[in-house]
Each structure stands twice: as structure tokens, then as C-alpha cells.
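In what follows, a structure is listed as C-alpha cells, so that the remarks can point back to it.
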2 protein chains.
Amino acid sequence: MAPGAVDIHTHIVPASFPAYAGRHANVRWPQMAAGSDCRHCNVMIAGKVFRTVSDECWSIERRLEAMVASRVARQILSPMPELLSYWLEPEDALALGRHINDTIADMIAEGGGRFAGLGTVPLQDPDLATRELERLMHSGKFCGVEIGTNVNGVAIGDARFESFFQAAEELGAAIFVHALHPAGMDRLVGPAGLAALVAFPCETAFAIASLITGGILTRRPKLKIAFSHGGGVFGLVLPRLMYGWKTIPELGEHIRQSPAEQVRKLFYDTLVYDTATLAFLIERFGVTQLCVGTDHPFLIQEPDPVGAIEALGLSASECDLLLFGNASRFLGERS
Amino acid sequence: MAPGAVDIHTHIVPASFPAYAGRHANVRWPQMAAGSDCRHCNVMIAGKVFRTVSDECWSIERRLEAMVASRVARQILSPMPELLSYWLEPEDALALGRHINDTIADMIAEGGGRFAGLGTVPLQDPDLATRELERLMHSGKFCGVEIGTNVNGVAIGDARFESFFQAAEELGAAIFVHALHPAGMDRLVGPAGLAALVAFPCETAFAIASLITGGILTRRPKLKIAFSHGGGVFGLVLPRLMYGWKTIPELGEHIRQSPAEQVRKLFYDTLVYDTATLAFLIERFGVTQLCVGTDHPFLIQEPDPVGAIEALGLSASECDLLLFGNASRFLGERS
């Protein structure tokens with residue numbers, strides 16, 4: 001029997017957080033507060049409700065029920081992105097991250113082979129992040145880590161993060177990049193939810209572009225890195241970047257390999273909610289580069305990720321790549 | 001004989017600028033300086049070379065030569081976007097804009113029917129911008145105006161600009177929106193040219209989104225508005241915005257008409273440098289909504305805009321829509 005769908009884009013929130021035990025004032029350390037019913041809690045950050053979340057965030061039993069409904073065989077667990085906490089002092093972020101990573105490891109152990117994990121590292125201190133990545137990978141419990149598209153406004157393609165990506169490449173760690181605190185917030189007109197709808201896709205494109213234009217992808221050719229939401233809007237940035245790369249001598253010298261070739265080595269999730277869009281991304285990035293992603297258990301999760309792939313009318317072997325084969329390569333597992 | 005291609009995205013720079021005669025200090029008022037040869041000049045802003053431009057920017061004779069080479073029958077002239085000068089005091093921007101608008105009117109008169117024009121208005125003062133728009137439209141010399149995607153960081157969908165759009169709708173003025181001073185500059189890693197390549201497409205998407213989420217497009221249904229660079233990356237923002245609109249009650253109440261329907265009433269240029277991308281945009285926005293655009297005479301201009309359309313394999317009547325029919329509707333001309 002073929003393995004079932006592997007969902008690389010799912011999030012967890014621990015059922016509780018330890019009290020802050022560090023030495024700084026006014027720290028954006030998360031706390032849980034009771035929600036309106038027994039199955040929901042409020043994640044409090046800096047005294048405000050950041051998000052109301054359901055028990056699917058921490059309950060393996062509840063997740064397994066949801067996975068039956070969505071025909072997902074395995075979930076890759078990663079933190080709710082706001083928990084990446086790049087805005088904390090590094091030692092505080094490390095302490096919080098350890099709690100989150102321990103939670104993920106416990107959920108994997110409880111899940112009987114149905115879960116794998118992407119941890120968190122304090123990327124605001126690349127050396128500390130590298131040491132935590134080494135610890136996670138040597139534990140044998142993690143496939144890699146989730147990181148944000150930027151660290152306090154600095155895109156991940158900046159030179160300061162290259163030592164971290166070098167370590168990830170050497171360790172064989174899978175890096176899942178999720179949109180976080182996006183650029184362009186000052187351009188939004190309307191409800192707060194627009195940040196995730198409009199600014200996230202652009203933010204992800206900025207991160208991909210920065211890895212290309214910063215040279216990290218050419219210098220770290222074995223890096224396994226995946227991007228949320230189908231790479232955001234990068235699929236439409238690419239032809240313009242390609243034209244500039246071909247016609248502007250300064251860019252041609254600066255970017256050593258065709259951007260179109262570079263992006264066909266990256267991974268992307270399928271979380272685009274639209275068949276024609278998914279087909280466009282497969283054409284642009286390659287049928288070997290997309291993996292199921294749902295954003296489970298959050299509000300705008302894709303309820304039918306397998307159906308979205310079936311609707312493409314691909315061959316059975318291509319479907320299998322999208323459902324689990326590409327994810328196995330990204331995660332460094334044998335399929 | 002069928003009319004030839006109409007290029008809605010071309011820019012002009014006056015051959016010279018008047019000396020600043022206003023009352024403010026440290027004004028970013030442009031000046032021309034000699035270039036390295038007789039056919040180039042440097043546009044100086046705040047004492048620095050903003051861009052080296054060729055005589056195609058102001059010479060009708062040189063433009064007509066280029067149009068033969070690119071098979072463009074008519075050009076719509078609009079200012080180099082940096083000249084929109086929203087960062088000047090309104091009365092200074094009006095004075096500079098009058099010089100630019102007069103230059104465009106002179107070029108149209110000199111061009112023997114081969115040119116039409118989009119002027120500039122000081123949108124940092126919406127009332128003043130409305131009065132200048134009225135003057136331009138009543139002159140009979142302009143189809144409308146070019147505006148930026150934002151005015152000093154405020155997206156054009158903000159409520160403060162609605163009175164201007166209302167006037168544009170009532171006057172039948174065509175509005176061409178061009179990326180300007182984009183969001184996300186702090187996310188770029190590499191040469192300065194990346195702003196136009198990576199940040200412009202996102203910036204344009206933010207502008208389109210703001211007009212939808214700000215409600216302007218539903219309240220001004222007859223507004224004729226076109227976006228540069230194929231609408232930037234909005235084609236890939238749309239499915240995510242649609243999913244949010246369908247699933248998040250707050251957004252469903254806030255946005256009164258389907259975003260997918262709203263964007264099929266906007267116009268876009270074809271400046272995307274890639275056949276598959278152009279085909280994707282036609283599918284997404286409609287074959288009735290795209291118009292030739294080249295960015296002539298700037299560095300990353302599309303050299304073969306007609307060939308780009310021919311490569312799509314469309315019917316003759318669909319080709320004619322893209323080459324001139326849609327532009328006629330956008331510009332309010334009889335085709």
C-alpha cells in the first residue's frame with residue numbers, strides 16, 4: 001500500500017507555557033489563558049490575546065481525528081510562527097524554544113509514527129541557533145526546524161545567517177520557512193486579517209529572493225529548504241527577476257546561477273486554495289518540488305489537501321510525488 | 001486596416017526642468033545634467049544622479065524610430081514615476097507637474113496622432129489633485145493621469161483618496177497606477193536594481209488589494225484604472241484573498257463584492273517578460289483586461305511587445321483586444 005499524504009505545514013501550540021524565569025523586563029513571553037469553552041484557549045502575548053486556538057494545537061488525539069477527515073497520513077509539526085520569538089533576548093528565546101521543542105518531541109513520541117517535527121531555534125543569535133539546531137538534529141527526534149522569513153526585519157538571505165544555513169546543510173536539516181511579521185503592513189487598508197492574506201505571500205517572496213540575491217542557495221547547494229503558501233507570490237516575481245538578471249550586467253555578475261534554476265531546487269507547500277494556481281506553481285517550480293501543506297489547525301487551513309491534488313489530473317506517480325515523495329526528500333526520509 | 005499596437009506604459013522625462021521658484025528649503029526638485037554623450041542626460045534629484053536617461057525620453061523623433069522597431073503604433077506618454085513628486089509640498093508638486101504636463105501636451109501635439117497622454121497630479125493633496133485632474137481633462141489633451149501605488153507610504157485605497165477617484169470616475173479619466181517607492185525595501189539583499197525587480201511587483205499588489213479592501217472599486221464601479229507590470233504579483237495574491245473572503249466572516253462583511261470579480265474589471269499591462277505568465281494573467285483577469293505595456297524607453301523595457309502577444313496563440317480577435325481594443329476602452333477612445 002502506498003504511504004498516505006504527508007502534510008509539511010501544520011502548527012502546534014503547547015497546552016501551557018512555563019512562567020518567565022529570565023532577567024529582562026517587559027518580555028513578549030507567551031502565556032495561555034482559558035478560552036470561551038473547554039476546547040479553546042487564548043495565547044496571550046504582552047497582555048493581549050494574540051490568537052484563540054483550539055485543542056487541536058496540542059492534542060494528538062484531536063489531531064488524529066482531523067487527519068482522518070482530511071486524509072492526511074502524517075503531519076510534520078512546527079510551532080505557531082509567532083512563537084519563534086526572534087524579538088526576545090536570545091537566551092529567553094532559547095528557553096522558550098526548548099519548551100516548544102520538548103512539546104513537539106513529546107507529541108511525536110505519543111503519535112505512534114504519525115508525526116515528525118520541525119523545531120525552533122533563536123535565529124536572532126545565529127551561533128546560538130546553530131548550536132540548538134545541532135542539539136535537535138543529534139537528538140534524532142527532529143527533521144529540522146521552522147524559521148521565519150525575516151528576523152526582526154532582516155531577510156534570511158542576509159549574510160549574517162549564512163553560518164546557520166551552512167550548518168543546516170551539513171546536518172541534513174530540513175528548513176521550513178514561514179511568513180512572519182511581514183513587510184508592507186503599512187500598505188494594508190482594512191481588517192487585521194489582511195496581513196496574513198495579502199502581506200504574507202509577498203513576505204515569502206522577499207525571503208526567497210533574498211536567498212537567491214544573497215548567494216546562499218548557490219553556495220549551499222544541498223540545503224533542503226521549503227516555503228509556506230506555495231512560495232507566496234514568488235512564482236510571479238520570478239520572470240521579472242529573470243529578465244533583470246539577463247539584461248542588467250550588475251545583476252548578472254552578482255547572481256551566479258539562473259534564478260529560474262535555483263528555485264527549482266527549493267520546496268514549496270501546496271497551500272494556495274486554487275487548482276489553476278497550483279498547476280501554475282507546478283509548471284514553474286517542478287512537480288518534484290511541491291509538498292502537501294494545510295496550516296492545520298488554524299482558521300484558514302485547507303480542508304481537503306488531497307482533493308486539491310487529485311483535482312490537478314496528474315498521473316498517479318506525479319500525485320504520489322506531491323502527496324509524499326517530495327516531502328520524503330525534503331525531510332530526508334526514505335520514501 | 002486594423003489599428004496597430006497601443007502601448008499604455010511608456011515614460012517621458014522633459015529635456016529640462018525650470019529652476020525651483022518655490023519657498024521651501026531642501027526640495028527634491030529635479031534638474032537635468034549633461035550625460036556622458038550627447039544623447040544621454042542625468043536626472044539629478046537632491047544632488048545625486050537618480051537615473052541616466054536617453055533622448056528617447058523627450059524626443060518624438062527618437063521615439064518614433066523606436067516604435068517602428070517594436071511595432072508599436074501609438075504610445076501613451078506618462079511621467080517617469082519618480083517625477084510624481086508626492087514628497088514635495090503640494091504647490092511645488094503642482095508647479096513641477098504643470099511643467100511635465102505641458103511637456104506631454106507638446107509631445108502629443110508634435111506627434112501627429114501617434115501619442116496620447118497621462119499627466120500627473122499632486123496626490124499628496126487630494127483636493128488640489130482633483131482640480132488639476134479637472135483642468136487636464138477639460139483641456140482635451142489628456143486621457144487621464146499616472147499615479148503611484150502609494151502616496152508617501154499610504155496605499156491608494158486609503159479613504160483620503162476616494163474623492164479623487166470619484167472625480168476620475170465622473171470625468172471619465174483613465175488612471176494608470178505605477179509602482180513607486182515600494183514597501184519591503186528593507187527586505188532586499190543585493191544591488192539597488194532589485195527594488196524594481198522584486199519590490200515593485202509586491203507593491204503593485206498592495207495597491208490593488210487596498211482598492212478592493214478599502215471598498216473604492218465597489219463604490220466607484222465605472223472607474224477606469226490600469227496597473228503596471230501585469231498587476232505585479234496580485235494574480236497570486238488573489239486566491240488567498242478569495243479564500244479569506246469566503247471563510248472569515250469579518251472579511252466577507254467588509255468586502256462587499258467578490259475580489260475575483262472586482263479584479264476582472266481592472267486593466268493591466270502585459271509587461272511580464274514571459275509567455276506562460278502572460279497566459280496565466282489572461283486566464284485570471286480576462287482577455288478583455290490586458291493592454292500592451294513596455295516601459296519604453298527605460299532599461300528593462302520589453303523589446304518585442306507584439307511578439308509577446310503573438311506567442312500566446314490566441315485568436316485574431318483576442319490578439320486585437322490585447323494590442324489595441326482593451327487600451328481603447330481603458331483610455332475612453334473609440335476603437
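Identifiers in the C-alpha cells: chain A, B, ... in order shown; residue index from 1 per chain; ligand index from 1 in order shown.
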Next item on the list: Counting only C-alpha atoms, collect the residues of chain B whose closest atom lies at most 6 Å from chain A, and write them out as a PyMOL selection string.
Entry: chain B and resi 155+183-184+187+189-190+197+202+210+213-214+233+236+240-241
Next item on the list: Pick out the residues sitting within 9 Å of Glu146 (chain B), and hand them over as JSON, numbers by chain; count only C-alpha atoms, and ignore anything fewer than 6 positions along from it in its own chain.
Entry: {"B": [78, 79, 81, 84, 118, 119, 120, 121, 174, 175, 176, 177, 178]}
Notebook entry, point to check: Can you list, as an MDAnalysis selection string, every residue of region 173-322 of chain A that DSSP puts in strand (DSSP E or B)?
Noted result: chainID A and resid 174:178 224:227 267:269 290:291 296
Take the selection from the previous step and output its residues with C-alpha atoms, as a tab-separated table (two decimals), in the first residue's frame.
```tsv
chain	number	residue	atom	x	y	z
A	174	ALA	CA	15.12	20.41	6.69
A	175	ILE	CA	14.33	24.13	6.95
A	176	PHE	CA	10.69	25.18	6.67
A	177	VAL	CA	10.35	28.92	6.10
A	178	HIS	CA	7.09	30.54	7.22
A	224	LYS	CA	16.90	21.42	1.95
A	225	ILE	CA	14.53	24.35	2.32
A	226	ALA	CA	10.77	24.67	1.87
A	227	PHE	CA	8.50	27.70	1.78
A	267	PHE	CA	10.45	23.02	-1.90
A	268	TYR	CA	7.04	24.66	-1.53
A	269	ASP	CA	3.81	23.65	0.09
A	290	LEU	CA	5.74	20.73	-4.01
A	291	CYS	CA	4.55	19.04	-0.81
A	296	HIS	CA	-3.80	22.82	10.29
```
Next item on the list: Could you give me, as a VMD selection string, the residues within 7 Å of Phe285 (chain A), counting only C-alpha atoms and dropping anything in the same chain fewer than 3 positions from it?
Entry: chain A and resid 263 to 264 281 to 282 289
Can you write just those residues out, all heavy atoms, as a PDB file, in the first residue's frame?
```
ATOM      1  N   VAL A 263      15.322  28.189  -8.141  1.00  0.00           N
ATOM      2  CA  VAL A 263      14.037  27.959  -7.457  1.00  0.00           C
ATOM      3  C   VAL A 263      13.455  26.583  -7.751  1.00  0.00           C
ATOM      4  O   VAL A 263      12.533  26.145  -7.056  1.00  0.00           O
ATOM      5  CB  VAL A 263      12.992  29.053  -7.782  1.00  0.00           C
ATOM      6  CG1 VAL A 263      13.466  30.398  -7.260  1.00  0.00           C
ATOM      7  CG2 VAL A 263      12.672  29.106  -9.260  1.00  0.00           C
ATOM      8  N   ARG A 264      14.001  25.898  -8.727  1.00  0.00           N
ATOM      9  CA  ARG A 264      13.549  24.529  -8.998  1.00  0.00           C
ATOM     10  C   ARG A 264      14.279  23.513  -8.120  1.00  0.00           C
ATOM     11  O   ARG A 264      14.115  22.304  -8.291  1.00  0.00           O
ATOM     12  CB  ARG A 264      13.692  24.205 -10.486  1.00  0.00           C
ATOM     13  CG  ARG A 264      12.709  25.017 -11.348  1.00  0.00           C
ATOM     14  CD  ARG A 264      12.862  24.763 -12.840  1.00  0.00           C
ATOM     15  NE  ARG A 264      12.258  23.526 -13.269  1.00  0.00           N
ATOM     16  CZ  ARG A 264      11.009  23.400 -13.696  1.00  0.00           C
ATOM     17  NH1 ARG A 264      10.206  24.451 -13.723  1.00  0.00           N
ATOM     18  NH2 ARG A 264      10.535  22.239 -14.085  1.00  0.00           N
ATOM     19  N   LEU A 281       2.118  26.757 -10.328  1.00  0.00           N
ATOM     20  CA  LEU A 281       3.321  26.600  -9.499  1.00  0.00           C
ATOM     21  C   LEU A 281       4.070  25.320  -9.845  1.00  0.00           C
ATOM     22  O   LEU A 281       5.305  25.285  -9.835  1.00  0.00           O
ATOM     23  CB  LEU A 281       2.955  26.616  -8.015  1.00  0.00           C
ATOM     24  CG  LEU A 281       2.336  27.913  -7.492  1.00  0.00           C
ATOM     25  CD1 LEU A 281       2.110  27.822  -5.988  1.00  0.00           C
ATOM     26  CD2 LEU A 281       3.199  29.130  -7.818  1.00  0.00           C
ATOM     27  N   ILE A 282       3.321  24.260 -10.141  1.00  0.00           N
ATOM     28  CA  ILE A 282       3.976  23.000 -10.529  1.00  0.00           C
ATOM     29  C   ILE A 282       4.764  23.201 -11.817  1.00  0.00           C
ATOM     30  O   ILE A 282       5.901  22.745 -11.954  1.00  0.00           O
ATOM     31  CB  ILE A 282       2.914  21.885 -10.667  1.00  0.00           C
ATOM     32  CG1 ILE A 282       2.396  21.504  -9.279  1.00  0.00           C
ATOM     33  CG2 ILE A 282       3.498  20.667 -11.392  1.00  0.00           C
ATOM     34  CD1 ILE A 282       1.195  20.579  -9.300  1.00  0.00           C
ATOM     35  N   GLN A 289       8.839  19.414  -6.576  1.00  0.00           N
ATOM     36  CA  GLN A 289       9.218  20.380  -5.539  1.00  0.00           C
ATOM     37  C   GLN A 289       8.067  20.795  -4.622  1.00  0.00           C
ATOM     38  O   GLN A 289       8.289  21.575  -3.700  1.00  0.00           O
ATOM     39  CB  GLN A 289       9.825  21.633  -6.189  1.00  0.00           C
ATOM     40  CG  GLN A 289      11.043  21.371  -7.080  1.00  0.00           C
ATOM     41  CD  GLN A 289      12.110  20.524  -6.439  1.00  0.00           C
ATOM     42  OE1 GLN A 289      12.439  19.437  -6.937  1.00  0.00           O
ATOM     43  NE2 GLN A 289      12.634  20.981  -5.316  1.00  0.00           N
TER      44      GLN A 289
END
```
Next item on the list: Figure out the distance between CA of Gly307 (chain A) and CA of Ala327 (chain A), please, to one decimal in Å.
Entry: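 CA of Ala327 (chain A) sits 17.3 Å away from CA of Gly307 (chain A).
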